[in-house]
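So the structure is just underneath, and the comments pick up after that.
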Amino acid sequence: MMKHKKYSIVMMLPIIAAVMTACSGDNLEAEVVSGDRLAAGTVINVSGEASKDHVIPVEANCAWTVTSDVNWITITQPSAGRGSGSQSILFDVAASTVPTTQTGTITIKTGDGIERIVTVNQRPGAIVVVPSPASMFFIYEGGNQTLEVASNSQWTATSSIEWLTINNGQSVNGEGNQQLTIHANENPNSDALIGAITLTDADHKAAPVTVYVQVGGRTPKLQLTPANEVSAAGGTATFGVISNFRWDATVTGLSPAGDWDWVRFVFNNQRQMIGDPSGMPVDVTMEFDPNPSQQERVVYVVVATASPLGGNVEKLIQITQRGATMPVVYLPHTTNIKMDEATLTFSATSEALPITACGVLYAEDPQMVDQGSRAVGTLNGEEATVTIPNLHSGTTYYVKAYATSAAGTTYSETMSFKTRLTPGRNDNPNP
């Protein structure tokens, strides 16, 4: 049998952790234990590790329920109770994932709204030292930036190189959450300088964390990663930009030439945007409207650095949007034939653009189907259903199905059926 663990209960009488007053209308004859026997502000302290079977004794003479307001506390037994005498609430605690003490509450409540609150404080979990941002970039001029450190211990921040300082020093000791001022000297070189700041907890219980720092060179650099293709249905395309200077991206051409309204940068809903320098790739996302043409179309974007030192770099990137495909329509078949009407079904699919209309064309003359009457169908997924009304009994009709999208209309092969000459079970006897 698993033994219940014992934990510190602060400001609580040694007999009980929660006591309920009497419930109105309850006929239990058990002694009513006064609510003032539970000290206000009852607290249970637990470690930052996962633990099970914490105990809260309950003494009451009426029905009650128990709940927790945080997901790291799980009530395991019971969720409710009733009756006089002493009972026990058991709860488990998940391992802490935060670097500070976290607090949750367990509420024991009667149907009359009487509540007893137990506060659970969980100490921090494993030692952590978390920097933000995870890496830093300065333009060639250097300057100051802020590095935030979140931790649940004492720590040391150390610079790896002389041109990089922390709060005007090469090493800084800290504790808990703090902000550091990171200073990088101006880079006199054409190429980038790379340094690092290492964060280490005082007791060496966590692995050191490295924040890489880059100061861009004085010669403009520009690197692009290709964009993905875009479906005819529309969507987004993303390409990457790495530059040590500010840069701009501009839509300069379309193929085929024509209306420009179908493409734009998501950043500002325009056809031009300005980006900041960064030592890491910056994702540039463009949004495309659906392409109703069967011809693919191409967007040309020029990306150029904007260095005040000159020697700027310009590169071209192109993004292709596939052309639309026509719907595919399969031969219809009849599901119900009467003297004066017929119901047919057929399949219709479209790879990218949605089908906006479907139905059948029909005529008594097989040569006149394309100019014949039209019956509109209903599409459910890829299955279309259409009923042709007002037909002549005992007559052969020729039918072809159709489906329409923004790319155009596709027709099936022609099939035929013959209406009934005499009434069936569901026919109108006088069509």
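Following the order of the structure tokens, first chain is A, next is B, and so on, with residues numbered from 1 inside each chain and ligands from 1 in the order they appear.
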Review point. Per DSSP on the backbone, what are the strand (DSSP E) residues of segment 85-266 of chain A, as a PyMOL selection string?
Key: chain A and resi 86-93+102-110+115-122+129-132+135-138+143-151+154-159+164-166+171-175+178-184+193-201+209-215+222-225+235-243+247-255+263-265
Exercise for review: Would you kindly return, as a ChimeraX atom specification, each protein, DNA or RNA residue with an atom no farther than 7 Å from any atom of Ile337 of chain A, considering only C-alpha atoms and excluding same-chain residues fewer than 4 positions away?
Suggested key: /A:341-343,419-420
Using only C-alpha atoms, find each residue of segment 304-358 of chain A with at least one atom at most 7 Å away from an atom of segment 196-220 of chain A; report its shortest atom-to-atom pair and that distance in Å (one decimal), sort the rows by chain and rising residue number, and return the result as CSV.
```
residue,atom,partner,partner_atom,distance
A:Thr305,CA,A:Pro220,CA,6.8
A:Ser307,CA,A:Pro220,CA,6.6
A:Gly311,CA,A:Pro220,CA,6.5
A:Asn312,CA,A:Pro220,CA,5.8
A:Val313,CA,A:Pro220,CA,6.5
```
**Study point:** Gly104 of chain A environment, 7 Å, only C-alpha atoms, sequence neighbours closer than 3 positions dropped, as a ChimeraX atom specification
**Key:** /A:69-70,119-121
**Study point:** Shell of 8 Å around Asn244 of chain A, only C-alpha atoms, local chain residues under 2 positions omitted, as a PyMOL selection string
**Key:** chain A and resi 139-140+216-217+220-222+242+246+277-279
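Residues surrounding segment 346-350 of chain A within 6 Å are Pro327, Val328, Val329, Tyr330, Pro332, Glu382, Glu383 and Ala384 of chain A [only C-alpha atoms; sequence separation below 5 positions excluded].
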Any chance you could export the current selection's C-alpha atoms as a compact mmCIF listing (two decimals), in the first residue's frame?
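Below you can see selection-v1.txt, which holds the result:
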```txt
# COMPACT_ATOMS: atom_id res chain seq x y z
CA PRO A 327 -12.80 20.83 -63.63
CA VAL A 328 -13.02 17.11 -64.33
CA VAL A 329 -16.57 15.84 -64.93
CA TYR A 330 -17.50 12.17 -65.07
CA PRO A 332 -23.63 10.84 -65.18
CA GLU A 382 -17.42 15.78 -55.30
CA GLU A 383 -20.87 14.23 -55.90
CA ALA A 384 -23.50 16.19 -57.83
```
Study note, to complete from the structure: What separates atom CA of Ser68 of chain A and atom CA of Ile108 of chain A is a distance of 9.1 Å
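Note that atom CA of Val263 of chain A and atom CA of Met286 of chain A are 6.9 Å apart.
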**Study point:** Nearest candidate to Ile319 of chain A (options A:Ala134, A:Val369, A:Ala237, A:Ala192; using only C-alpha atoms)
**Key:** A:Ala237
Check your understanding: Do you know which residues are at most 6 Å from Glu148 of chain A counting only C-alpha atoms, after dropping those on the same chain fewer than 6 positions away, and could you put them as a ChimeraX atom specification?
Key -> /A:131-132,178-179
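When only C-alpha atoms are used to measure the gap to Arg264 of chain A, the shortest distance among A:Thr97, A:Ser135, A:Asn177, A:Thr238 belongs to A:Thr238.
Shortest separation to Pro133 of chain A among A:Ile182, A:Leu90, A:Ser412, A:Trp155 occurs at residue A:Ile182, atoms counted being only C-alpha atoms.
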Point to revise | Long-range neighbours of Val172 of chain A as an MDAnalysis selection string, 10 Å cut-off, only C-alpha atoms, 5 positions minimum in chain | key: chainID A and resid 155:159 165:167 180 199
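In this model, the gap between atom CA of Val266 of chain A and atom CA of Thr146 of chain A comes to 28.6 Å.
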Residue set, segment 330-386 of chain A restricted to helix (DSSP H, G or I), as a CSV table (one decimal) with N, CA and C atoms, in the first residue's frame:
```
chain,number,residue,atom,x,y,z
A,366,PRO,N,-29.8,13.7,-80.1
A,366,PRO,CA,-28.4,13.7,-79.6
A,366,PRO,C,-27.5,14.7,-80.3
A,367,GLN,N,-27.9,15.3,-81.4
A,367,GLN,CA,-27.1,16.3,-82.0
A,367,GLN,C,-27.4,17.7,-81.4
A,368,MET,N,-28.4,17.8,-80.6
A,368,MET,CA,-28.8,19.1,-80.0
A,368,MET,C,-28.5,19.3,-78.5
A,369,VAL,N,-27.7,18.3,-78.0
A,369,VAL,CA,-27.5,18.4,-76.5
A,369,VAL,C,-26.9,19.7,-76.1
A,370,ASP,N,-25.9,20.1,-76.8
A,370,ASP,CA,-25.2,21.4,-76.4
A,370,ASP,C,-26.1,22.6,-76.5
A,371,GLN,N,-27.1,22.6,-77.3
A,371,GLN,CA,-28.0,23.7,-77.3
A,371,GLN,C,-29.3,23.3,-76.6
```
